[in-house]
file entry_26.csv (CSV, C-alpha atoms and all ligand atoms)
chain,number,residue,atom,x,y,z
A,28,MET,CA,26.2,3.5,-6.3
A,29,ILE,CA,22.9,2.7,-4.8
A,30,PRO,CA,20.5,1.6,-7.5
A,31,LYS,CA,17.4,3.6,-8.0
A,32,VAL,CA,13.9,2.2,-7.2
A,33,ARG,CA,11.8,2.4,-10.4
A,34,LYS,CA,9.1,-0.3,-9.8
A,35,ALA,CA,6.4,-0.7,-7.3
A,36,VAL,CA,4.5,-4.0,-6.7
A,37,PHE,CA,0.8,-3.8,-5.6
A,38,PRO,CA,-0.3,-7.1,-4.2
A,39,ALA,CA,-4.1,-7.1,-4.8
A,40,ALA,CA,-4.9,-10.8,-4.9
A,41,GLY,CA,-6.2,-11.2,-1.3
A,42,LEU,CA,-9.7,-12.4,-0.6
A,43,GLY,CA,-10.8,-9.3,1.4
A,44,THR,CA,-12.9,-11.4,3.8
A,45,ARG,CA,-13.2,-8.6,6.3
A,46,PHE,CA,-15.2,-6.7,3.8
A,47,LEU,CA,-17.7,-9.4,2.7
A,48,PRO,CA,-20.2,-9.3,1.1
A,49,ALA,CA,-19.0,-6.2,-0.8
A,50,THR,CA,-15.8,-8.1,-1.8
A,51,LYS,CA,-17.6,-11.3,-3.0
A,52,ALA,CA,-17.6,-10.0,-6.7
A,53,MET,CA,-15.7,-6.8,-6.4
A,54,PRO,CA,-12.0,-6.4,-5.5
A,55,LYS,CA,-11.4,-4.7,-2.1
A,56,GLU,CA,-8.9,-2.4,-4.0
A,57,MET,CA,-11.8,-1.0,-6.0
A,58,LEU,CA,-13.8,0.2,-3.0
A,59,PRO,CA,-14.2,3.9,-3.5
A,60,LEU,CA,-13.0,6.5,-0.9
A,61,VAL,CA,-15.4,9.3,-1.8
A,62,ASP,CA,-15.1,8.8,-5.6
A,63,LYS,CA,-11.7,7.2,-6.2
A,64,PRO,CA,-10.9,3.5,-5.7
A,65,LEU,CA,-8.4,2.6,-3.0
A,66,ILE,CA,-5.8,1.4,-5.4
A,67,GLN,CA,-5.7,4.7,-7.3
A,68,TYR,CA,-4.7,6.5,-4.1
A,69,GLY,CA,-1.8,4.0,-3.8
A,70,VAL,CA,-0.8,4.4,-7.4
A,71,GLU,CA,-0.8,8.2,-7.1
A,72,GLU,CA,1.3,7.9,-4.0
A,73,ALA,CA,3.8,5.8,-5.9
A,74,ILE,CA,3.9,8.2,-8.9
A,75,ASN,CA,4.3,11.2,-6.6
A,76,SER,CA,7.3,9.3,-4.9
A,77,GLY,CA,9.1,9.0,-8.3
A,78,ILE,CA,8.1,5.4,-9.2
A,79,SER,CA,7.7,4.9,-13.0
A,80,ASN,CA,6.5,1.2,-13.3
A,81,ILE,CA,3.5,-0.3,-11.6
A,82,ILE,CA,3.1,-4.0,-11.2
A,83,ILE,CA,-0.3,-5.2,-9.9
A,84,VAL,CA,-0.6,-8.8,-8.6
A,85,THR,CA,-4.2,-9.8,-9.2
A,86,GLY,CA,-6.2,-12.9,-8.7
A,87,ARG,CA,-9.6,-14.4,-9.7
A,88,GLY,CA,-12.4,-11.8,-9.9
A,89,LYS,CA,-10.0,-8.8,-10.1
A,90,SER,CA,-10.5,-7.8,-13.7
A,91,ALA,CA,-12.2,-4.5,-12.5
A,92,ILE,CA,-8.7,-3.3,-11.5
A,93,GLU,CA,-7.4,-3.9,-15.0
A,94,ASP,CA,-10.4,-2.2,-16.6
A,95,HIS,CA,-10.0,0.8,-14.2
A,96,PHE,CA,-6.4,1.6,-15.5
A,97,ASP,CA,-7.3,0.7,-19.1
A,98,VAL,CA,-8.8,3.0,-21.8
A,99,SER,CA,-12.6,3.0,-21.8
A,100,PHE,CA,-13.4,3.9,-25.5
A,101,GLU,CA,-17.2,3.6,-25.0
A,102,LEU,CA,-17.3,5.8,-22.0
A,103,GLU,CA,-14.9,8.4,-23.5
A,104,HIS,CA,-17.0,8.5,-26.7
A,105,ASN,CA,-20.2,9.0,-24.6
A,106,LEU,CA,-18.7,11.8,-22.6
A,107,GLU,CA,-17.2,13.4,-25.7
A,108,THR,CA,-20.5,13.5,-27.5
A,109,ARG,CA,-22.3,14.9,-24.4
A,110,LYS,CA,-19.5,17.5,-24.1
A,111,LYS,CA,-18.7,16.5,-20.5
A,112,LYS,CA,-15.1,17.8,-20.6
A,113,ASP,CA,-14.4,17.7,-16.9
A,114,LEU,CA,-15.5,14.1,-16.6
A,115,LEU,CA,-13.7,13.1,-19.8
A,116,LYS,CA,-10.5,14.5,-18.3
A,117,ILE,CA,-11.0,12.5,-15.0
A,118,VAL,CA,-11.5,9.3,-17.0
A,119,ARG,CA,-8.5,9.9,-19.3
A,120,ASP,CA,-6.2,10.9,-16.5
A,121,VAL,CA,-6.6,7.5,-15.0
A,122,SER,CA,-5.6,5.6,-18.1
A,123,ASP,CA,-2.8,8.1,-19.0
A,124,MET,CA,-1.4,7.9,-15.5
A,125,ILE,CA,1.2,5.3,-16.0
A,126,ASP,CA,2.0,2.0,-17.6
A,127,VAL,CA,0.8,-0.9,-15.5
A,128,SER,CA,1.8,-4.6,-15.8
A,129,TYR,CA,-0.2,-7.4,-14.3
A,130,VAL,CA,0.8,-10.7,-12.9
A,131,ARG,CA,-1.5,-13.3,-11.4
A,132,GLN,CA,-1.4,-15.1,-8.1
A,133,LYS,CA,-3.6,-18.1,-8.8
A,134,GLU,CA,-4.3,-18.9,-5.1
A,135,ALA,CA,-4.2,-16.5,-2.1
A,136,LEU,CA,-1.2,-18.2,-0.4
A,137,GLY,CA,-0.1,-15.1,1.4
A,138,LEU,CA,1.5,-11.7,1.0
A,139,GLY,CA,5.0,-13.1,0.6
A,140,HIS,CA,3.8,-15.4,-2.1
A,141,ALA,CA,2.0,-12.6,-3.9
A,142,VAL,CA,5.2,-10.5,-3.9
A,143,ALA,CA,7.2,-13.4,-5.3
A,144,ARG,CA,4.9,-13.6,-8.3
A,145,ALA,CA,6.3,-10.3,-9.4
A,146,LYS,CA,9.9,-11.6,-9.5
A,147,ASP,CA,10.3,-12.0,-13.2
A,148,ILE,CA,9.0,-8.4,-13.9
A,149,VAL,CA,11.0,-6.9,-11.1
A,150,GLY,CA,14.3,-8.7,-12.0
A,151,SER,CA,17.3,-7.9,-9.9
A,152,GLU,CA,16.4,-4.4,-8.9
A,153,PRO,CA,15.3,-2.9,-5.6
A,154,PHE,CA,11.6,-2.3,-5.6
A,155,ALA,CA,8.7,-0.9,-3.5
A,156,VAL,CA,5.6,-2.8,-2.3
A,157,VAL,CA,2.4,-0.9,-1.7
A,158,LEU,CA,-0.6,-2.4,0.0
A,159,SER,CA,-3.4,-0.2,-1.2
A,160,ASP,CA,-5.8,-0.9,1.6
A,161,ASP,CA,-3.5,1.0,3.8
A,162,VAL,CA,-4.4,4.6,2.8
A,163,ILE,CA,-1.9,7.1,4.0
A,164,ASP,CA,-2.6,10.8,4.3
A,165,SER,CA,0.7,12.7,4.6
A,166,GLU,CA,2.4,15.9,3.4
A,167,VAL,CA,5.4,13.9,1.9
A,168,PRO,CA,4.1,10.7,0.4
A,169,CYS,CA,4.8,7.8,2.8
A,170,LEU,CA,6.7,5.8,0.1
A,171,ARG,CA,8.8,8.9,-0.7
A,172,GLN,CA,9.8,9.0,3.0
A,173,LEU,CA,10.9,5.3,2.9
A,174,LEU,CA,12.8,5.9,-0.4
A,175,ASP,CA,14.8,8.7,1.2
A,176,VAL,CA,16.0,6.3,3.8
A,177,TYR,CA,16.7,3.6,1.2
A,178,GLU,CA,18.7,6.1,-0.9
A,179,PHE,CA,20.9,6.8,2.1
A,180,TYR,CA,21.5,3.3,3.3
A,181,GLY,CA,20.9,1.1,0.2
A,182,ALA,CA,19.0,-1.4,2.3
A,183,SER,CA,15.4,-2.6,2.7
A,184,VAL,CA,13.1,-0.3,4.7
A,185,VAL,CA,9.7,-1.0,6.1
A,186,ALA,CA,7.1,1.6,7.3
A,187,LEU,CA,6.4,1.5,11.0
A,188,MET,CA,3.6,2.8,13.1
A,189,GLU,CA,3.0,2.8,16.9
A,190,VAL,CA,0.0,0.6,17.7
A,191,PRO,CA,-1.4,0.7,21.3
A,192,GLY,CA,-2.5,-2.3,23.4
A,193,ASP,CA,-3.7,-5.6,22.2
A,194,ALA,CA,-4.4,-4.3,18.7
A,195,ILE,CA,-0.6,-5.0,18.0
A,196,SER,CA,-1.3,-8.7,17.5
A,197,ALA,CA,-3.0,-8.0,14.2
A,198,TYR,CA,0.4,-6.9,12.7
A,199,GLY,CA,3.9,-7.8,11.9
A,200,VAL,CA,5.9,-6.4,14.9
A,201,VAL,CA,9.6,-5.4,15.1
A,202,ASP,CA,12.2,-5.6,17.7
A,203,ALA,CA,14.3,-2.6,16.7
A,204,GLU,CA,16.9,-0.2,18.0
A,205,PRO,CA,16.6,3.6,17.3
A,206,ILE,CA,19.3,5.2,15.3
A,207,SER,CA,20.2,8.8,14.6
A,208,HIS,CA,18.9,10.2,11.4
A,209,ASN,CA,18.4,13.8,10.2
A,210,GLY,CA,19.3,15.1,13.7
A,211,GLY,CA,16.7,12.9,15.6
A,212,ARG,CA,16.5,9.5,17.1
A,213,ASP,CA,12.8,8.9,17.1
A,214,ARG,CA,11.9,7.9,13.5
A,215,LEU,CA,14.6,5.5,12.1
A,216,PHE,CA,15.3,2.1,13.5
A,217,ARG,CA,17.6,-0.8,12.7
A,218,VAL,CA,15.5,-3.9,12.9
A,219,ARG,CA,16.9,-6.7,15.1
A,220,ASN,CA,14.0,-9.2,14.7
A,221,MET,CA,10.4,-9.3,13.7
A,222,VAL,CA,7.3,-11.5,14.4
A,223,GLU,CA,4.1,-11.8,12.5
A,224,LYS,CA,0.9,-11.4,14.5
A,225,PRO,CA,2.3,-12.1,18.0
A,226,LYS,CA,0.1,-12.6,21.1
A,227,PRO,CA,0.0,-9.2,22.9
A,228,ALA,CA,2.3,-10.6,25.7
A,229,ASP,CA,4.9,-11.8,23.1
A,230,ALA,CA,5.0,-8.6,21.0
A,231,PRO,CA,8.6,-7.3,21.1
A,232,SER,CA,7.5,-3.6,20.9
A,233,ASN,CA,4.5,-1.5,19.9
A,234,LEU,CA,6.0,-0.8,16.5
A,235,ALA,CA,3.9,-2.4,13.7
A,236,ILE,CA,4.8,-2.9,10.1
A,237,ILE,CA,2.3,-1.3,7.8
A,238,GLY,CA,1.7,-1.6,4.1
A,239,ARG,CA,4.7,0.2,2.5
A,240,TYR,CA,8.1,-1.4,1.9
A,241,VAL,CA,11.3,-0.8,-0.1
A,242,LEU,CA,12.9,-4.1,-0.7
A,243,THR,CA,16.2,-5.2,-2.2
A,244,PRO,CA,16.0,-8.1,-4.7
A,245,GLU,CA,17.5,-10.6,-2.2
A,246,ILE,CA,14.0,-10.8,-0.7
A,247,PHE,CA,13.0,-13.2,-3.5
A,248,HIS,CA,15.4,-15.8,-2.3
A,249,ALA,CA,14.3,-15.1,1.2
A,250,ILE,CA,10.6,-15.7,0.3
A,251,GLU,CA,11.5,-19.0,-1.5
A,252,SER,CA,13.3,-20.1,1.7
A,253,THR,CA,10.3,-19.2,3.9
A,254,PRO,CA,7.8,-21.9,4.8
A,255,ALA,CA,4.1,-21.1,5.4
A,256,GLY,CA,3.6,-19.4,8.7
A,257,SER,CA,0.7,-17.6,10.5
A,258,GLY,CA,-2.6,-18.6,9.0
A,259,GLY,CA,-0.9,-21.2,6.7
A,260,GLU,CA,0.2,-18.3,4.4
A,261,ILE,CA,3.7,-17.4,3.2
A,262,GLN,CA,4.3,-14.2,5.1
A,263,LEU,CA,6.4,-11.3,4.0
A,264,THR,CA,7.4,-10.6,7.6
A,265,ASP,CA,8.8,-14.1,7.9
A,266,ALA,CA,10.8,-13.6,4.6
A,267,LEU,CA,12.1,-10.3,6.0
A,268,LYS,CA,13.2,-12.1,9.1
A,269,TYR,CA,15.1,-14.5,6.9
A,270,LEU,CA,16.6,-11.6,5.0
A,271,LEU,CA,17.8,-10.1,8.3
A,272,ARG,CA,20.3,-13.0,8.7
A,273,SER,CA,22.4,-11.6,5.8
A,274,ARG,CA,21.2,-8.0,5.2
A,275,PRO,CA,20.3,-5.0,7.3
A,276,VAL,CA,16.7,-4.0,7.4
A,277,TYR,CA,15.5,-0.6,8.6
A,278,GLY,CA,12.2,0.6,9.9
A,279,TYR,CA,10.9,4.1,9.5
A,280,LYS,CA,8.2,5.6,11.6
A,281,PHE,CA,6.6,7.6,8.8
A,282,GLU,CA,5.0,11.1,9.2
A,283,GLY,CA,1.3,11.0,8.4
A,284,THR,CA,-2.0,9.3,9.2
A,285,ARG,CA,-2.7,5.7,8.1
A,286,TYR,CA,-6.2,4.3,7.7
A,287,ASP,CA,-6.8,0.6,7.4
A,288,ALA,CA,-9.3,0.8,4.6
A,289,GLY,CA,-9.5,-3.0,4.3
A,290,ASP,CA,-11.4,-2.9,7.6
A,291,LYS,CA,-14.9,-1.6,7.9
A,292,LEU,CA,-14.3,0.9,10.7
A,293,GLY,CA,-11.0,2.1,9.2
A,294,PHE,CA,-12.7,2.5,5.8
A,295,LEU,CA,-15.5,4.6,7.3
A,296,MET,CA,-13.0,6.8,9.2
A,297,ALA,CA,-11.0,7.4,5.9
A,298,THR,CA,-14.2,8.2,4.0
A,299,VAL,CA,-15.3,10.9,6.5
A,300,GLU,CA,-11.8,12.4,6.7
A,301,TYR,CA,-11.2,12.5,3.0
A,302,ALA,CA,-14.7,13.8,2.3
A,303,LEU,CA,-14.2,16.6,4.8
A,304,LYS,CA,-11.0,17.6,3.0
A,305,ARG,CA,-12.6,17.9,-0.4
A,306,GLN,CA,-13.0,21.4,-1.9
A,307,ASP,CA,-16.2,20.5,-3.6
A,308,LEU,CA,-17.9,18.5,-0.8
A,309,GLY,CA,-16.2,19.4,2.5
A,310,LYS,CA,-18.3,22.4,3.4
A,311,ASP,CA,-21.7,20.7,2.8
A,312,PHE,CA,-20.6,17.4,4.3
A,313,ARG,CA,-19.4,19.2,7.5
A,314,ALA,CA,-22.7,21.1,7.8
A,315,TYR,CA,-24.6,17.8,7.4
A,316,LEU,CA,-22.5,16.0,10.0
A,317,LYS,CA,-23.2,18.8,12.5
A,318,THR,CA,-27.0,18.1,12.1
A,319,LEU,CA,-26.5,14.5,13.3
A,320,PRO,CA,-27.7,13.9,16.9
A,321,LEU,CA,-24.3,12.4,18.0
O,401,LIG,P1,-4.8,-8.7,4.0
O,401,LIG,O1,-4.1,-9.2,5.2
O,401,LIG,O2,-5.6,-7.5,4.1
O,401,LIG,O3,-5.7,-9.9,3.4
O,401,LIG,O4,-3.7,-8.6,2.8
O,401,LIG,P2,-6.9,-9.9,2.5
O,401,LIG,O5,-7.2,-11.3,2.0
O,401,LIG,O6,-6.7,-8.9,1.3
O,401,LIG,O7,-8.1,-9.3,3.3
O,401,LIG,P3,-8.9,-10.0,4.6
O,401,LIG,O8,-7.9,-9.9,5.7
O,401,LIG,O9,-9.3,-11.4,4.2
O,401,LIG,O10,-10.1,-9.1,4.8
O,401,LIG,C1,-2.8,-7.5,2.7
O,401,LIG,C2,-2.5,-7.3,1.2
O,401,LIG,O11,-1.9,-8.4,0.6
O,401,LIG,C3,-2.6,-8.8,-0.5
O,401,LIG,C4,-4.0,-8.3,-0.3
O,401,LIG,O12,-4.7,-8.1,-1.6
O,401,LIG,C5,-3.8,-7.0,0.4
O,401,LIG,O13,-3.4,-5.9,-0.5
O,401,LIG,N1,-2.6,-10.3,-0.6
O,401,LIG,C6,-2.8,-11.0,0.6
O,401,LIG,C7,-2.3,-10.9,-1.8
O,401,LIG,O14,-2.1,-10.2,-2.8
O,401,LIG,N2,-2.3,-12.3,-1.8
O,401,LIG,C8,-2.5,-13.0,-0.7
O,401,LIG,O15,-2.4,-14.3,-0.8
O,401,LIG,C9,-2.8,-12.4,0.5
call {"tool": "encode", "arguments": {"input": "entry_26.csv", "output": "structure tokens", "more": "lines below"}}
Ligand code: UTP
result
Amino acid sequence: MIPKVRKAVFPAAGLGTRFLPATKAMPKEMLPLVDKPLIQYGVEEAINSGISNIIIVTGRGKSAIEDHFDVSFELEHNLETRKKKDLLKIVRDVSDMIDVSYVRQKEALGLGHAVARAKDIVGSEPFAVVLSDDVIDSEVPCLRQLLDVYEFYGASVVALMEVPGDAISAYGVVDAEPISHNGGRDRLFRVRNMVEKPKPADAPSNLAIIGRYVLTPEIFHAIESTPAGSGGEIQLTDALKYLLRSRPVYGYKFEGTRYDAGDKLGFLMATVEYALKRQDLGKDFRAYLKTLPL
């Protein structure tokens, strides 16, 4: 029997240097897309994919994340007295959403290192990893798409996206062979090798790993066996490469649109798209955009 994935780890201890100075005192994960922090989009995606336990890896200066998912008695009392029922519901829904556990990464030593900090809470179960600065708009939640593959093969699965040209060197890149799945051969891949941030000429393909993973617990041993790599950090891609020696790893080209909201341009794109889709704002925002002399 293939064990069920119940837990999702949210590494949120990075320094967010691409978004300075906003991230000097505020976690990148709390940047709002319209009116919801990035991490809440990720948590909602996980819940809508069937995940029941959320583990957030935080670091120094990240207490706003804990406060966000906690009960805010003062605010609730204030809204209650002012009879602001709609706002009260929005605030309560966040803290009622799910039970969240926190673990600390004292120093930002890399994504692999951050994931390893969750080892004691995850235990010997398969688990998901969600990088909440990758915001994904899709009909079926991206994590659900990966879990469907995991539930079929019982092996680790990474989300893949085609990245054109030199931009590929900002990602972990796979060398992978397409395999038949659901009557097609264009979405699922068996990974042969992977490399973190290759020079464009050395990239084994145009298929980049983006921030959604389903991992089997052997990854923890793989991370412990992985020395610091690109940027002096312990990279999850390097640990996955180690895992490949003994376990299959699959890649799934997910259906949907991904925004790199940890990057200023990506964040602006996501803001415009999400605002245009909003029932309460979309019409007026579109009308405003049309007045701009672009
Ligand atoms: P990024 O590569 O986006 O790094 O991390 P960063 O530090 O957050 O941001 P920049 O590049 O300096 O602007 C990808 C994910 O891994 C987490 C981040 O919080 C983000 O969700 N991460 C990264 C950690 O939790 N710990 C680390 O040591 C590094």
call {"tool": "residues_around", "arguments": {"input": "entry_26.csv", "residues": "Ser99 of chain A", "least_positions_apart": "2", "cutoff": "12 Å", "atoms": "only C-alpha atoms", "output": "PyMOL selection string"}}
result
chain A and resi 91+93-97+101-106+115+117-123
call {"tool": "residues_near_ligand", "arguments": {"input": "entry_26.csv", "ligand": "ligand LIG 401 (chain O)", "cutoff": "6 Å", "atoms": "only C-alpha atoms and all ligand atoms", "output": "JSON list (two decimals) with C-alpha atoms, keeping the file's coordinate frame"}}
result
[["chain", "number", "residue", "atom", "x", "y", "z"],
["A", 38, "PRO", "CA", -0.30, -7.10, -4.20],
["A", 39, "ALA", "CA", -4.10, -7.10, -4.80],
["A", 40, "ALA", "CA", -4.90, -10.80, -4.90],
["A", 41, "GLY", "CA", -6.20, -11.20, -1.30],
["A", 42, "LEU", "CA", -9.70, -12.40, -0.60],
["A", 43, "GLY", "CA", -10.80, -9.30, 1.40],
["A", 44, "THR", "CA", -12.90, -11.40, 3.80],
["A", 45, "ARG", "CA", -13.20, -8.60, 6.30],
["A", 46, "PHE", "CA", -15.20, -6.70, 3.80],
["A", 135, "ALA", "CA", -4.20, -16.50, -2.10],
["A", 136, "LEU", "CA", -1.20, -18.20, -0.40],
["A", 137, "GLY", "CA", -0.10, -15.10, 1.40],
["A", 138, "LEU", "CA", 1.50, -11.70, 1.00],
["A", 141, "ALA", "CA", 2.00, -12.60, -3.90],
["A", 158, "LEU", "CA", -0.60, -2.40, 0.00],
["A", 159, "SER", "CA", -3.40, -0.20, -1.20],
["A", 160, "ASP", "CA", -5.80, -0.90, 1.60],
["A", 289, "GLY", "CA", -9.50, -3.00, 4.30]]
call {"tool": "residues_around", "arguments": {"input": "entry_26.csv", "residues": "segment 292-309 of chain A", "least_positions_apart": "4", "cutoff": "7 Å", "atoms": "all atoms listed in the file", "output": "count of residues only"}}
result
6
call {"tool": "atom_distance", "arguments": {"input": "entry_26.csv", "atom1": "atom CA of Ala143 of chain A", "atom2": "atom CA of Asp175 of chain A"}}
result
24.3 Å
call {"tool": "closest_residue", "arguments": {"input": "entry_26.csv", "among": "A:Ser273, A:Ser232, A:Ser90, A:Asn75", "to": "Met57 of chain A", "atoms": "all atoms listed in the file"}}
result
A:Ser90
call {"tool": "residues_around", "arguments": {"input": "entry_26.csv", "residues": "segment 205-212 of chain A", "least_positions_apart": "2", "cutoff": "12 Å", "atoms": "all atoms listed in the file", "output": "PyMOL selection string"}}
result
chain A and resi 175-176+179-180+201-203+214-219+234+277-280
call {"tool": "closest_atom_pairs", "arguments": {"input": "entry_26.csv", "of": "segment 272-317 of chain A", "to": "segment 163-172 of chain A", "cutoff": "7 Å", "atoms": "all atoms listed in the file", "output": "tab-separated table"}}
result
residue	atom	partner	partner_atom	distance
A:Phe281	CA	A:Cys169	CA	6.3
A:Glu282	CA	A:Ser165	CA	6.5
A:Gly283	CA	A:Ser165	CA	4.2
A:Thr284	CA	A:Asp164	CA	5.2
A:Arg285	CA	A:Ile163	CA	4.4
A:Tyr286	CA	A:Ile163	CA	6.3
call {"tool": "closest_residue", "arguments": {"input": "entry_26.csv", "among": "A:Leu242, A:Asp311, A:Thr264, A:Glu204", "to": "Lys224 of chain A", "atoms": "all atoms listed in the file"}}
result
A:Thr264
call {"tool": "residues_around", "arguments": {"input": "entry_26.csv", "residues": "Val142 of chain A", "least_positions_apart": "3", "cutoff": "12 Å", "atoms": "all atoms listed in the file", "output": "number ranges by chain"}}
result
A: 35-41, 82-85, 130-132, 135-139, 145-149, 154-158, 240, 242, 244, 246-251, 261-264, 266
call {"tool": "atom_distance", "arguments": {"input": "entry_26.csv", "atom1": "atom CA of Ile92 of chain A", "atom2": "atom CA of Ile66 of chain A"}}
result
8.2 Å
call {"tool": "closest_residue", "arguments": {"input": "entry_26.csv", "among": "A:Met53, A:Val127, A:Ile74, A:Leu114", "to": "Arg87 of chain A", "atoms": "all atoms listed in the file"}}
result
A:Met53
call {"tool": "build_atoms", "arguments": {"input": "entry_26.csv", "residues": "segment 153-164 of chain A", "atoms": "N, CA and C atoms", "output": "PDB file, in the coordinates of the input"}}
result
ATOM      1  N   PRO A 153      16.093  -3.181  -6.833  1.00  0.00           N
ATOM      2  CA  PRO A 153      15.300  -2.900  -5.600  1.00  0.00           C
ATOM      3  C   PRO A 153      13.916  -2.441  -6.075  1.00  0.00           C
ATOM      4  N   PHE A 154      12.918  -2.627  -5.230  1.00  0.00           N
ATOM      5  CA  PHE A 154      11.600  -2.300  -5.600  1.00  0.00           C
ATOM      6  C   PHE A 154      10.736  -1.899  -4.400  1.00  0.00           C
ATOM      7  N   ALA A 155       9.588  -1.266  -4.657  1.00  0.00           N
ATOM      8  CA  ALA A 155       8.700  -0.900  -3.500  1.00  0.00           C
ATOM      9  C   ALA A 155       7.522  -1.868  -3.531  1.00  0.00           C
ATOM     10  N   VAL A 156       6.899  -2.016  -2.372  1.00  0.00           N
ATOM     11  CA  VAL A 156       5.600  -2.800  -2.300  1.00  0.00           C
ATOM     12  C   VAL A 156       4.630  -1.835  -1.594  1.00  0.00           C
ATOM     13  N   VAL A 157       3.453  -1.734  -2.200  1.00  0.00           N
ATOM     14  CA  VAL A 157       2.400  -0.900  -1.700  1.00  0.00           C
ATOM     15  C   VAL A 157       1.141  -1.713  -1.451  1.00  0.00           C
ATOM     16  N   LEU A 158       0.641  -1.757  -0.223  1.00  0.00           N
ATOM     17  CA  LEU A 158      -0.600  -2.400   0.000  1.00  0.00           C
ATOM     18  C   LEU A 158      -1.702  -1.324   0.010  1.00  0.00           C
ATOM     19  N   SER A 159      -2.543  -1.372  -1.007  1.00  0.00           N
ATOM     20  CA  SER A 159      -3.400  -0.200  -1.200  1.00  0.00           C
ATOM     21  C   SER A 159      -4.551  -0.099  -0.245  1.00  0.00           C
ATOM     22  N   ASP A 160      -4.779  -1.146   0.577  1.00  0.00           N
ATOM     23  CA  ASP A 160      -5.800  -0.900   1.600  1.00  0.00           C
ATOM     24  C   ASP A 160      -5.307  -0.161   2.785  1.00  0.00           C
ATOM     25  N   ASP A 161      -4.005   0.056   2.864  1.00  0.00           N
ATOM     26  CA  ASP A 161      -3.500   1.000   3.800  1.00  0.00           C
ATOM     27  C   ASP A 161      -3.411   2.361   3.102  1.00  0.00           C
ATOM     28  N   VAL A 162      -4.351   3.234   3.434  1.00  0.00           N
ATOM     29  CA  VAL A 162      -4.400   4.600   2.800  1.00  0.00           C
ATOM     30  C   VAL A 162      -3.670   5.530   3.728  1.00  0.00           C
ATOM     31  N   ILE A 163      -2.708   6.259   3.181  1.00  0.00           N
ATOM     32  CA  ILE A 163      -1.900   7.100   4.000  1.00  0.00           C
ATOM     33  C   ILE A 163      -2.008   8.575   3.585  1.00  0.00           C
ATOM     34  N   ASP A 164      -2.443   9.409   4.533  1.00  0.00           N
ATOM     35  CA  ASP A 164      -2.600  10.800   4.300  1.00  0.00           C
ATOM     36  C   ASP A 164      -1.346  11.520   4.874  1.00  0.00           C
TER      37      ASP A 164
END
